[in-house]
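Asker: This is the structure, below, for whatever I ask next.
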Amino acid sequence: MGPKKQKETQRDIIANNQQYNNRFNYANNFIKTSKYTLLTFIPLNLFEQFQRAANFYFLCLLILQLIPEITSLTPVTTAVPLVGVLTLTAIKYAYDDVSRHRTDRTVNNRKSQVLRKGYLVEEKWHRVQVGDVIRMENNSFIAADILLLSSHNPNGLCYIETAELDGETNLKVKQCLDSTNALGEDEKSLSQFNGHIVCEPPNNNLSKFEGTLTYNGHKYSLDNEKVILRGAMLRNTPWCYGVVLFAGKDTKLMQNSGKTKFKRTSIDKLLNFIILGIVIFLLCMCLFCTVACGIWESMIGYYFQSYLPWDTVVPVEPVAGATVISLLVFFSYAIVLNTVVPISLYVSVEVIRLFLSKLIDWDKEMYDVTSNTAAKARTTTLNEELGQIQYIFSDKTGTLTQNIMTFNKCSINGRSYGDIIDESTGEPIELDEHSKKVDFTFNHFYEPTFEFYDQNLLNEVKAGNPDTHMFYRLLALCHTVMPEYGPDGSLEYQAQSPDENALVSAARNFGFVFTERTSRTITIQALGISEVYELLCILDFNNVRKRMSVIVKYEGRIRLYCKGADNVIFERLRPNQEEIRTRTQEQLDKFASEGLRTLCLGVKDLTQQQFDDWKTEHHKAALAMENRDDKLDEVYNIVEKDLTLLGATAIEDKLQDGVAQTIANLQMAGIKLWVLTGDKQETAINIGYSCNLLSDDMWEEPYIVDGHTYEEVMKQLIAHRRSIDNHITVGKIPRARDDISMRTFSEGSLAETLGDQQGGFAMVINGHSLVHALTPDMELAFLGVAEHCTSVICCRVTPLQKALVVELVKKYKDAVSLAIGDGANDVSMIKAADIGVGISGQEGMQAVLASDYSIAQFRYLERLLLVHGRWSYYRMCKFLRYFFYKNFAFTLCHFWYAFFCGFSAQTLLEAGFIAVYNLFYTSLPVLAMAYFDQDVEPVFAHKVHLHSKHFIIIFTFLLLFMHFQYPNLYYPGHKSLFFNYRQFTISALQGFVTSMVLFMIPMGAYHDKTDDYGLVLADHYLFGSVVATILVIVVTAQVALDTCYWTVWNHITIWGSLIFYFLLTFFYNYVFKGQHIGSLATAMADTTFWFTTLLTTVVLLLPVVAWRFYKVDVHPTLTDKAKLVQRNARIRNKGESGLPRPFSGRRSRRSVRSGYAFAHTEGFGRLITSGRIMRDVGGTMGGGRGKVHNGIPVPRPYNNNSNAVGKTSSSTFLPHTLSKSKLAFMSTTKASSTALTPPQPQENHQGEFNTPNYPGIPLAD
């Protein structure tokens, strides 16, 4: 063993010098993702499995059963279930590991061409080493993380696809240095390349790389654009060469393949405490039996040794002998009663979760035809948690909106374009499909899909308006878009984001066409005249800068074009522009109130001397090895100031289909929705109204928190909290809705259901205010207001703030959270939440890769939670309740028998029965119930279409449309009503009573029983067989009673289990000569057996049935009442149920738009300006502009007054807080009928408004 390798602080490599590189003991290129080998599988897997407390517990019991002095059971009773569980788990692990072995073998044995001693030789990947120069060819995977040296393409460009790294299939461009690109493909020159590379140590950051290359006496800066990572595939590039920087486990791909954060459900956590409690209960029973055995042995057993002699190891003295026997009996009863701790529980739970996950995968109702994307459960451990969601944290762009941008309006030199004005009224005319569009056919490059309605803007362009021309030149020049020409000569753009594509496309259609890009030039067609601009520098976008700029030179004039967020651009304007700034700000506010994504444009002229001085500073920052990005930002700030304001753009991003309906249903289900977006406040608020997050009928105007200082934010939070408190103390909050409200979403009643009855509070907080609100001193004050709001909108937030908001709610609220997003900036939020949902959208697949579940559109979240989530939670809870019941009923029979056998640990049931009770006799019925059961009958089943190969699901996967009609069916999951300590106690007590009745009735029937000839009929074996048979019949009848939704599989498993029990019992006893041979047959031949079985079953099940009838009739739950509504609907044969319209009357006038944001990753800026001729990048052309939304909504006044108290809403409302009042039924039709109707509530209770006491903020006096 060599010395322990120290942590690497930087990587030091000399190309083609293995002697130098080997000194650092860098990792080779062999990868191993598998865990086991043939030799280590059994010991390592067993070691891992016995780390689970339940498995280790049963191993200890098995060892105890091998000691003859303390066991009354054969070790088989514990060995069979333990071996079965270990085997099944091992098979699962082995299957997964075999797949990993195959993948590893395939990857490690891929071929790569490596330069060895001046010649290219073919090597397997695992033989590639750090410092090797390798050749890569088109459509081949990259063997390791490499520094690009030379390429076939002009000036060292190459194109890669990174689907294995980040899920994105769009091509990315990489480039090499001029000095190394001169090496070409000359093998001799490449083998003599001895560049000295010093770079960062191995890390998992895919988007950043820092290093330097020293070659031929010159030092060059290295960044991410010069590095190709392992897992990428070379595209559209015949060949390229590179030197290996990181190999094997040091590559960024492997650094990112670490274990995902382990997430456990609340049921898992509850089970751990329950299992611990069961073990304590077991020890208490063993202790009781120990004491009782000592008393019995000292008082009776000592004098009964003629018939039951004590063991030779037991002292002959009465007290000492009884003490030793009782101590041994403690361990004996620990063995006999061990089945009260369910070893098969964990395996059953995992099997159920796997099946329920497949139901999500197979659900064609969640399949998106447009994108050919199905829902996917990427984990199998969190299904039931989907049924307990209380907080949803959602991104906006691409999640609630489509992220397909269209150029809608603009402002140029203070004048707004995009609306058609009615000359008689001066008001904008509402647009529809008959509105006249601007004709762009004069332009050879126009796009037929591009739509614009304001002819004035095109007239200004044709008239030669210099401001308009400057405006569109900026859009055509300031970007990182890559042009591509199709085989037919059509021009398409490959953009980093839909925003970029929309802006460049707008300039193109108005006559300023971006046609060509090289590393040094940008070519545009300005109204048919070709203009070639020298590209001097690109100041690229990132989430901190929120802007990008280009510096170009044309006809001797150097000019900087800049575009960015309005607040960023305004603070960098030169003085004396107040008039245009004011007019532009008013138009920006108007655009934002319509939900448009806004962007400001500025320009600045530079002298040659100014640019040369700035370029020197820029070069120094670019070569910095530490804090390079920060230093570059400082340099960028020097030149991006004193701008001249040109105008602003407004881009439309429409809501996805069904967003408003989905949000309304989720809120009806008691789920609070927080939207975390990077958009400005006005845009975010307008989208909130468009998608039902905010309503016109809330009890208060949305609370605005936009303070810039700590004191301002705290003052606003205190004022808002007191405003809420005023509603409580003065009784302004109307009666809360019933927690079991059953309002339907019919077309006719939607306005009433979703519009005028919304109610509740809402809060909007800005990112700069959130900085203070998330501090330890203020976080409770912030949460104290937010927890009372049905909707919270956080605008202008960073990706880190998104995660911090989620962590805050998780920290202080005992609630299950879900985060949903579609972009790389949502990954931290998705990982922080209890459940992460990724949307496969326009921003790549990073969110999906980090998620637990993936869907194609936001609207599928409703089905994921209200149907699959509730089903999973309901089924898992029902399974657990029954499982504990049947185990207690089974195990405690031995405890009652102890009173009749002198507490000698003699077992009542036969050893073989004990071994297979959970494995064979009672497992399948409860699994079938857990797979298929539904508490509310599925209606409108014809809406569901499943894959034909999954015929097994036809019986279970009918759409439970009742969840959409009655979202409050989801409420029990919030309060964990289906399974908690109380429900467990009830199940355990039912099992306790069942075991006592199971034992006592047969004991009374068979005690001292004789046959017709006076012979004693009942021996121990016969009595045990009778009790075992009645036990199987009773628990099977109980699962039949618990089953609400019967399928053919329920019938097969339930009745088949009974038949299988008798067949297996007779087969085992007669074929394998079991100890109980003939016992059951003898008992069944006597009428006493049948009478006892019937009596016991009736005594045990009749009270259960009676209690359930009583509960349904007198204290019905929402589920019971929903069943009644369905039954009445069938009787009346109405069969109609509509889905909600998205908006009420007032809300429908609001614009359905969203706000602007840049791409979440940096563009091609550094790449373009580094001196390479840019080749076309494959991609698709962005869509044209969409229609202008009907009308211009009047901006809504918001409550930003700290002391304002809103008006009381109408008494008919639908607040978020839930009360305990009875269910108010609402019929979906008003047609008269003589059929039974649901009972109406007898009384109305005033709803209580819960106000948890948070110390961070005071209540009103």
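Residue numbering restarts at 1 in every chain; chains get A, B, ... in the order shown in the structure tokens, and ligands count up from 1 in that same order.
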Quick check for you: according to DSSP on this backbone, which residues of region 711-927 of chain A are classed as helix (DSSP H, G or I)? Reply as a PyMOL selection string.
Answerer: chain A and resi 711-729+750-755+767-773+779-786+799-812+824-832+846-849+860-898+911-921+923-927
Asker: May I have the residues within 12 Å of Val291 (chain A) as a ChimeraX atom specification, using only C-alpha atoms and disregarding those fewer than 6 positions away in the same chain?
Answerer: /A:284-285,297-298,322-330,333,902-904
Asker: Could you write out that same residue set with N, CA, C and O atoms as a tab-separated table (two decimals), in the first residue's frame?
Answerer:
chain	number	residue	atom	x	y	z
A	284	CYS	N	-42.44	-6.65	26.17
A	284	CYS	CA	-43.35	-6.61	27.33
A	284	CYS	C	-44.12	-7.92	27.46
A	284	CYS	O	-44.30	-8.44	28.58
A	285	MET	N	-44.58	-8.45	26.32
A	285	MET	CA	-45.28	-9.74	26.38
A	285	MET	C	-44.35	-10.84	26.85
A	285	MET	O	-44.73	-11.71	27.65
A	297	GLU	N	-44.21	-22.37	37.41
A	297	GLU	CA	-43.24	-23.44	37.66
A	297	GLU	C	-42.99	-23.63	39.16
A	297	GLU	O	-42.84	-24.76	39.63
A	298	SER	N	-42.92	-22.53	39.91
A	298	SER	CA	-42.65	-22.65	41.34
A	298	SER	C	-43.85	-23.18	42.11
A	298	SER	O	-43.70	-23.87	43.12
A	322	ALA	N	-37.28	-22.56	38.95
A	322	ALA	CA	-38.30	-21.77	38.27
A	322	ALA	C	-37.70	-20.51	37.65
A	322	ALA	O	-38.11	-20.09	36.56
A	323	THR	N	-36.71	-19.92	38.32
A	323	THR	CA	-36.07	-18.71	37.80
A	323	THR	C	-35.33	-19.00	36.50
A	323	THR	O	-35.44	-18.27	35.51
A	324	VAL	N	-34.57	-20.10	36.49
A	324	VAL	CA	-33.82	-20.45	35.28
A	324	VAL	C	-34.77	-20.76	34.13
A	324	VAL	O	-34.58	-20.31	32.99
A	325	ILE	N	-35.83	-21.52	34.44
A	325	ILE	CA	-36.78	-21.86	33.38
A	325	ILE	C	-37.45	-20.61	32.81
A	325	ILE	O	-37.60	-20.45	31.59
A	326	SER	N	-37.83	-19.70	33.72
A	326	SER	CA	-38.52	-18.49	33.26
A	326	SER	C	-37.59	-17.62	32.41
A	326	SER	O	-38.03	-17.00	31.44
A	327	LEU	N	-36.31	-17.57	32.76
A	327	LEU	CA	-35.37	-16.80	31.95
A	327	LEU	C	-35.22	-17.40	30.55
A	327	LEU	O	-35.14	-16.68	29.55
A	328	LEU	N	-35.17	-18.72	30.51
A	328	LEU	CA	-35.09	-19.37	29.20
A	328	LEU	C	-36.38	-19.16	28.40
A	328	LEU	O	-36.34	-19.01	27.18
A	329	VAL	N	-37.51	-19.13	29.12
A	329	VAL	CA	-38.79	-18.93	28.45
A	329	VAL	C	-38.87	-17.54	27.83
A	329	VAL	O	-39.55	-17.34	26.82
A	330	PHE	N	-38.18	-16.55	28.42
A	330	PHE	CA	-38.18	-15.20	27.85
A	330	PHE	C	-37.70	-15.25	26.40
A	330	PHE	O	-38.33	-14.69	25.49
A	333	TYR	N	-40.26	-17.19	24.13
A	333	TYR	CA	-41.40	-16.42	23.67
A	333	TYR	C	-40.99	-15.32	22.69
A	333	TYR	O	-41.78	-14.90	21.83
A	902	GLY	N	-49.17	-23.46	30.71
A	902	GLY	CA	-48.21	-23.17	31.77
A	902	GLY	C	-47.10	-22.23	31.33
A	902	GLY	O	-46.00	-22.28	31.90
A	903	PHE	N	-47.38	-21.40	30.34
A	903	PHE	CA	-46.38	-20.43	29.84
A	903	PHE	C	-45.06	-21.13	29.50
A	903	PHE	O	-43.98	-20.65	29.81
A	904	SER	N	-45.22	-22.27	28.84
A	904	SER	CA	-44.05	-23.08	28.52
A	904	SER	C	-43.48	-22.78	27.14
A	904	SER	O	-42.57	-23.47	26.69
Asker: Choose the residue, out of A:Tyr970, A:Asn21, A:Val313, A:Ser840, that has the smallest atom-to-atom separation from Pro68 (chain A); count only C-alpha atoms.
Answerer: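 For Pro68 (chain A), the nearest of the candidates is A:Val313.
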Asker: Mind pulling up the distance from CA of Leu596 (chain A) to CA of Ile651 (chain A)?
Answerer: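 Going from CA of Ile651 (chain A) over to CA of Leu596 (chain A) covers 5.4 Å.
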Asker: Please list as a list in words every residue within 9 Å of Ala375 (chain A), counting only C-alpha atoms and excluding residues in the same chain fewer than 2 positions away.
Answerer: Ile360, Asp361, Trp362, Asp363, Lys364, Met366, Tyr367, Asp368, Thr373, Ala377, Tyr853, Ser854, Ile855, Ala856, Tyr860 and Leu864 of chain A
Asker: Using the selection just defined, write its residues with N, CA, C and O atoms as a compact mmCIF listing (two decimals), in the first residue's frame.
Answerer:
# COMPACT_ATOMS: atom_id res chain seq x y z
N ILE A 360 -48.15 4.90 -13.20
CA ILE A 360 -47.86 6.26 -13.68
C ILE A 360 -47.23 6.18 -15.07
O ILE A 360 -47.60 6.93 -15.98
N ASP A 361 -46.27 5.28 -15.23
CA ASP A 361 -45.59 5.16 -16.53
C ASP A 361 -46.57 4.75 -17.63
O ASP A 361 -46.42 5.16 -18.79
N TRP A 362 -47.56 3.92 -17.29
CA TRP A 362 -48.47 3.37 -18.30
C TRP A 362 -49.68 4.24 -18.56
O TRP A 362 -50.49 3.91 -19.44
N ASP A 363 -49.84 5.31 -17.85
CA ASP A 363 -51.05 6.12 -17.97
C ASP A 363 -51.01 6.97 -19.24
O ASP A 363 -50.27 7.95 -19.33
N LYS A 364 -51.82 6.59 -20.19
CA LYS A 364 -51.82 7.32 -21.45
C LYS A 364 -52.53 8.66 -21.33
O LYS A 364 -52.38 9.53 -22.20
N MET A 366 -51.66 10.77 -19.33
CA MET A 366 -50.57 11.70 -19.05
C MET A 366 -49.51 11.65 -20.15
O MET A 366 -48.37 12.04 -19.94
N TYR A 367 -49.90 11.15 -21.29
CA TYR A 367 -48.99 11.09 -22.45
C TYR A 367 -49.25 12.30 -23.34
O TYR A 367 -50.39 12.59 -23.71
N ASP A 368 -48.21 13.03 -23.67
CA ASP A 368 -48.31 14.21 -24.50
C ASP A 368 -47.99 13.85 -25.94
O ASP A 368 -46.85 13.49 -26.26
N THR A 373 -44.07 12.47 -25.38
CA THR A 373 -43.48 12.28 -24.06
C THR A 373 -44.51 11.71 -23.11
O THR A 373 -45.61 12.25 -22.98
N ALA A 377 -42.13 7.79 -13.73
CA ALA A 377 -41.76 7.75 -12.31
C ALA A 377 -40.29 7.35 -12.24
O ALA A 377 -39.93 6.20 -12.46
N TYR A 853 -40.10 12.62 -10.57
CA TYR A 853 -41.14 12.31 -11.55
C TYR A 853 -41.02 13.31 -12.68
O TYR A 853 -40.66 14.47 -12.45
N SER A 854 -41.32 12.87 -13.89
CA SER A 854 -41.26 13.79 -15.02
C SER A 854 -42.58 13.72 -15.79
O SER A 854 -43.16 12.64 -15.95
N ILE A 855 -43.05 14.87 -16.21
CA ILE A 855 -44.27 14.98 -17.01
C ILE A 855 -44.00 15.94 -18.15
O ILE A 855 -43.01 16.67 -18.15
N ALA A 856 -44.89 15.96 -19.13
CA ALA A 856 -44.67 16.78 -20.31
C ALA A 856 -45.24 18.18 -20.16
O ALA A 856 -44.71 19.12 -20.74
N TYR A 860 -50.65 18.01 -16.32
CA TYR A 860 -50.63 16.61 -15.88
C TYR A 860 -50.32 16.48 -14.39
O TYR A 860 -50.49 15.41 -13.81
N LEU A 864 -51.40 13.62 -11.65
CA LEU A 864 -50.34 12.97 -10.89
C LEU A 864 -50.64 13.00 -9.39
O LEU A 864 -50.40 12.02 -8.68
Asker: Please compute the CA of Asp132 (chain A)-CA of Ser191 (chain A) distance, one decimal, in Å.
Answerer: 9.1 Å
Asker: With only C-alpha atoms as the atoms that count, which of A:Ile1030, A:Leu229, A:Ile295, A:Val867 lies nearest to Leu1094 (chain A)?
Answerer: A:Ile1030
Asker: Could you write out, as JSON, numbers by chain, all the residues of region 236-472 of chain A that DSSP marks as strand (DSSP E)?
Answerer: {"A": [239, 240, 241, 242, 243, 244, 245, 246, 376, 377, 389, 390, 391, 392, 393, 394, 406, 407, 408, 409, 410, 411, 412, 415, 416, 417]}
Asker: Tell me which of A:Leu1041, A:Glu137, A:Cys789, A:Leu1064 sits closest to Arg1108 (chain A), counting only C-alpha atoms.
Answerer: A:Leu1041
Asker: I want to know what sits within 7 Å of Val797 (chain A), based on only C-alpha atoms, with residues of the same chain fewer than 3 positions away left out; could you give that as a PyMOL selection string?
Answerer: chain A and resi 676-678+767+794+801-802
Asker: Those residues with N, CA, C and O atoms, as a CSV table (one decimal), in the first residue's frame please?
Answerer:
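Result file is result_17.csv:
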chain,number,residue,atom,x,y,z
A,676,LEU,N,-42.2,30.8,-8.2
A,676,LEU,CA,-40.9,31.4,-8.0
A,676,LEU,C,-40.4,31.7,-9.4
A,676,LEU,O,-40.1,30.8,-10.2
A,677,THR,N,-40.3,33.0,-9.8
A,677,THR,CA,-39.9,33.4,-11.1
A,677,THR,C,-38.9,34.5,-11.2
A,677,THR,O,-38.7,35.2,-10.2
A,678,GLY,N,-38.2,34.6,-12.3
A,678,GLY,CA,-37.2,35.7,-12.5
A,678,GLY,C,-37.8,36.9,-13.1
A,678,GLY,O,-37.1,37.9,-13.3
A,767,GLY,N,-37.3,39.8,-5.4
A,767,GLY,CA,-36.1,39.2,-5.0
A,767,GLY,C,-35.2,39.9,-4.1
A,767,GLY,O,-34.6,39.4,-3.2
A,794,CYS,N,-43.0,34.9,-5.8
A,794,CYS,CA,-41.7,35.4,-5.6
A,794,CYS,C,-41.1,35.8,-6.9
A,794,CYS,O,-40.9,34.9,-7.8
A,801,GLN,N,-32.1,31.3,-4.5
A,801,GLN,CA,-33.3,31.8,-3.6
A,801,GLN,C,-34.4,30.8,-3.8
A,801,GLN,O,-35.2,30.6,-2.8
A,802,LYS,N,-34.6,30.2,-4.9
A,802,LYS,CA,-35.7,29.3,-5.1
A,802,LYS,C,-35.5,28.1,-4.1
A,802,LYS,O,-36.5,27.7,-3.4
Asker: Which value, in Å to one decimal, gives the distance between CA of Ala1083 (chain A) and CA of Pro925 (chain A)?
Answerer: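 Distance between the two atoms: 26.0 Å.
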Asker: Nearest to His152 (chain A): which of A:Asp186, A:Asp633, A:Glu122, A:Asp395 is it, counting only C-alpha atoms?
Answerer: A:Asp186
Asker: Residues near Val341 (chain A), anyone? I mean within 10 Å using only C-alpha atoms, not counting same-chain ones fewer than 4 positions away, as a list in words.
Answerer: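 Contacts, with the query itself left out: Ala54, Tyr57, Phe58, Ile274, Ile275, Leu276, Gly277, Ile278, Val279, Phe281, Leu282, Leu337, Leu345, Phe884, Asn887, Phe888 and Thr891 of chain A.
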Asker: Give the answer as one residue: which of A:Ala930, A:Leu382, A:Ile31, A:Ala803 has the shortest atom-to-atom distance to Asp104 (chain A), using only C-alpha atoms?
Answerer: A:Ile31
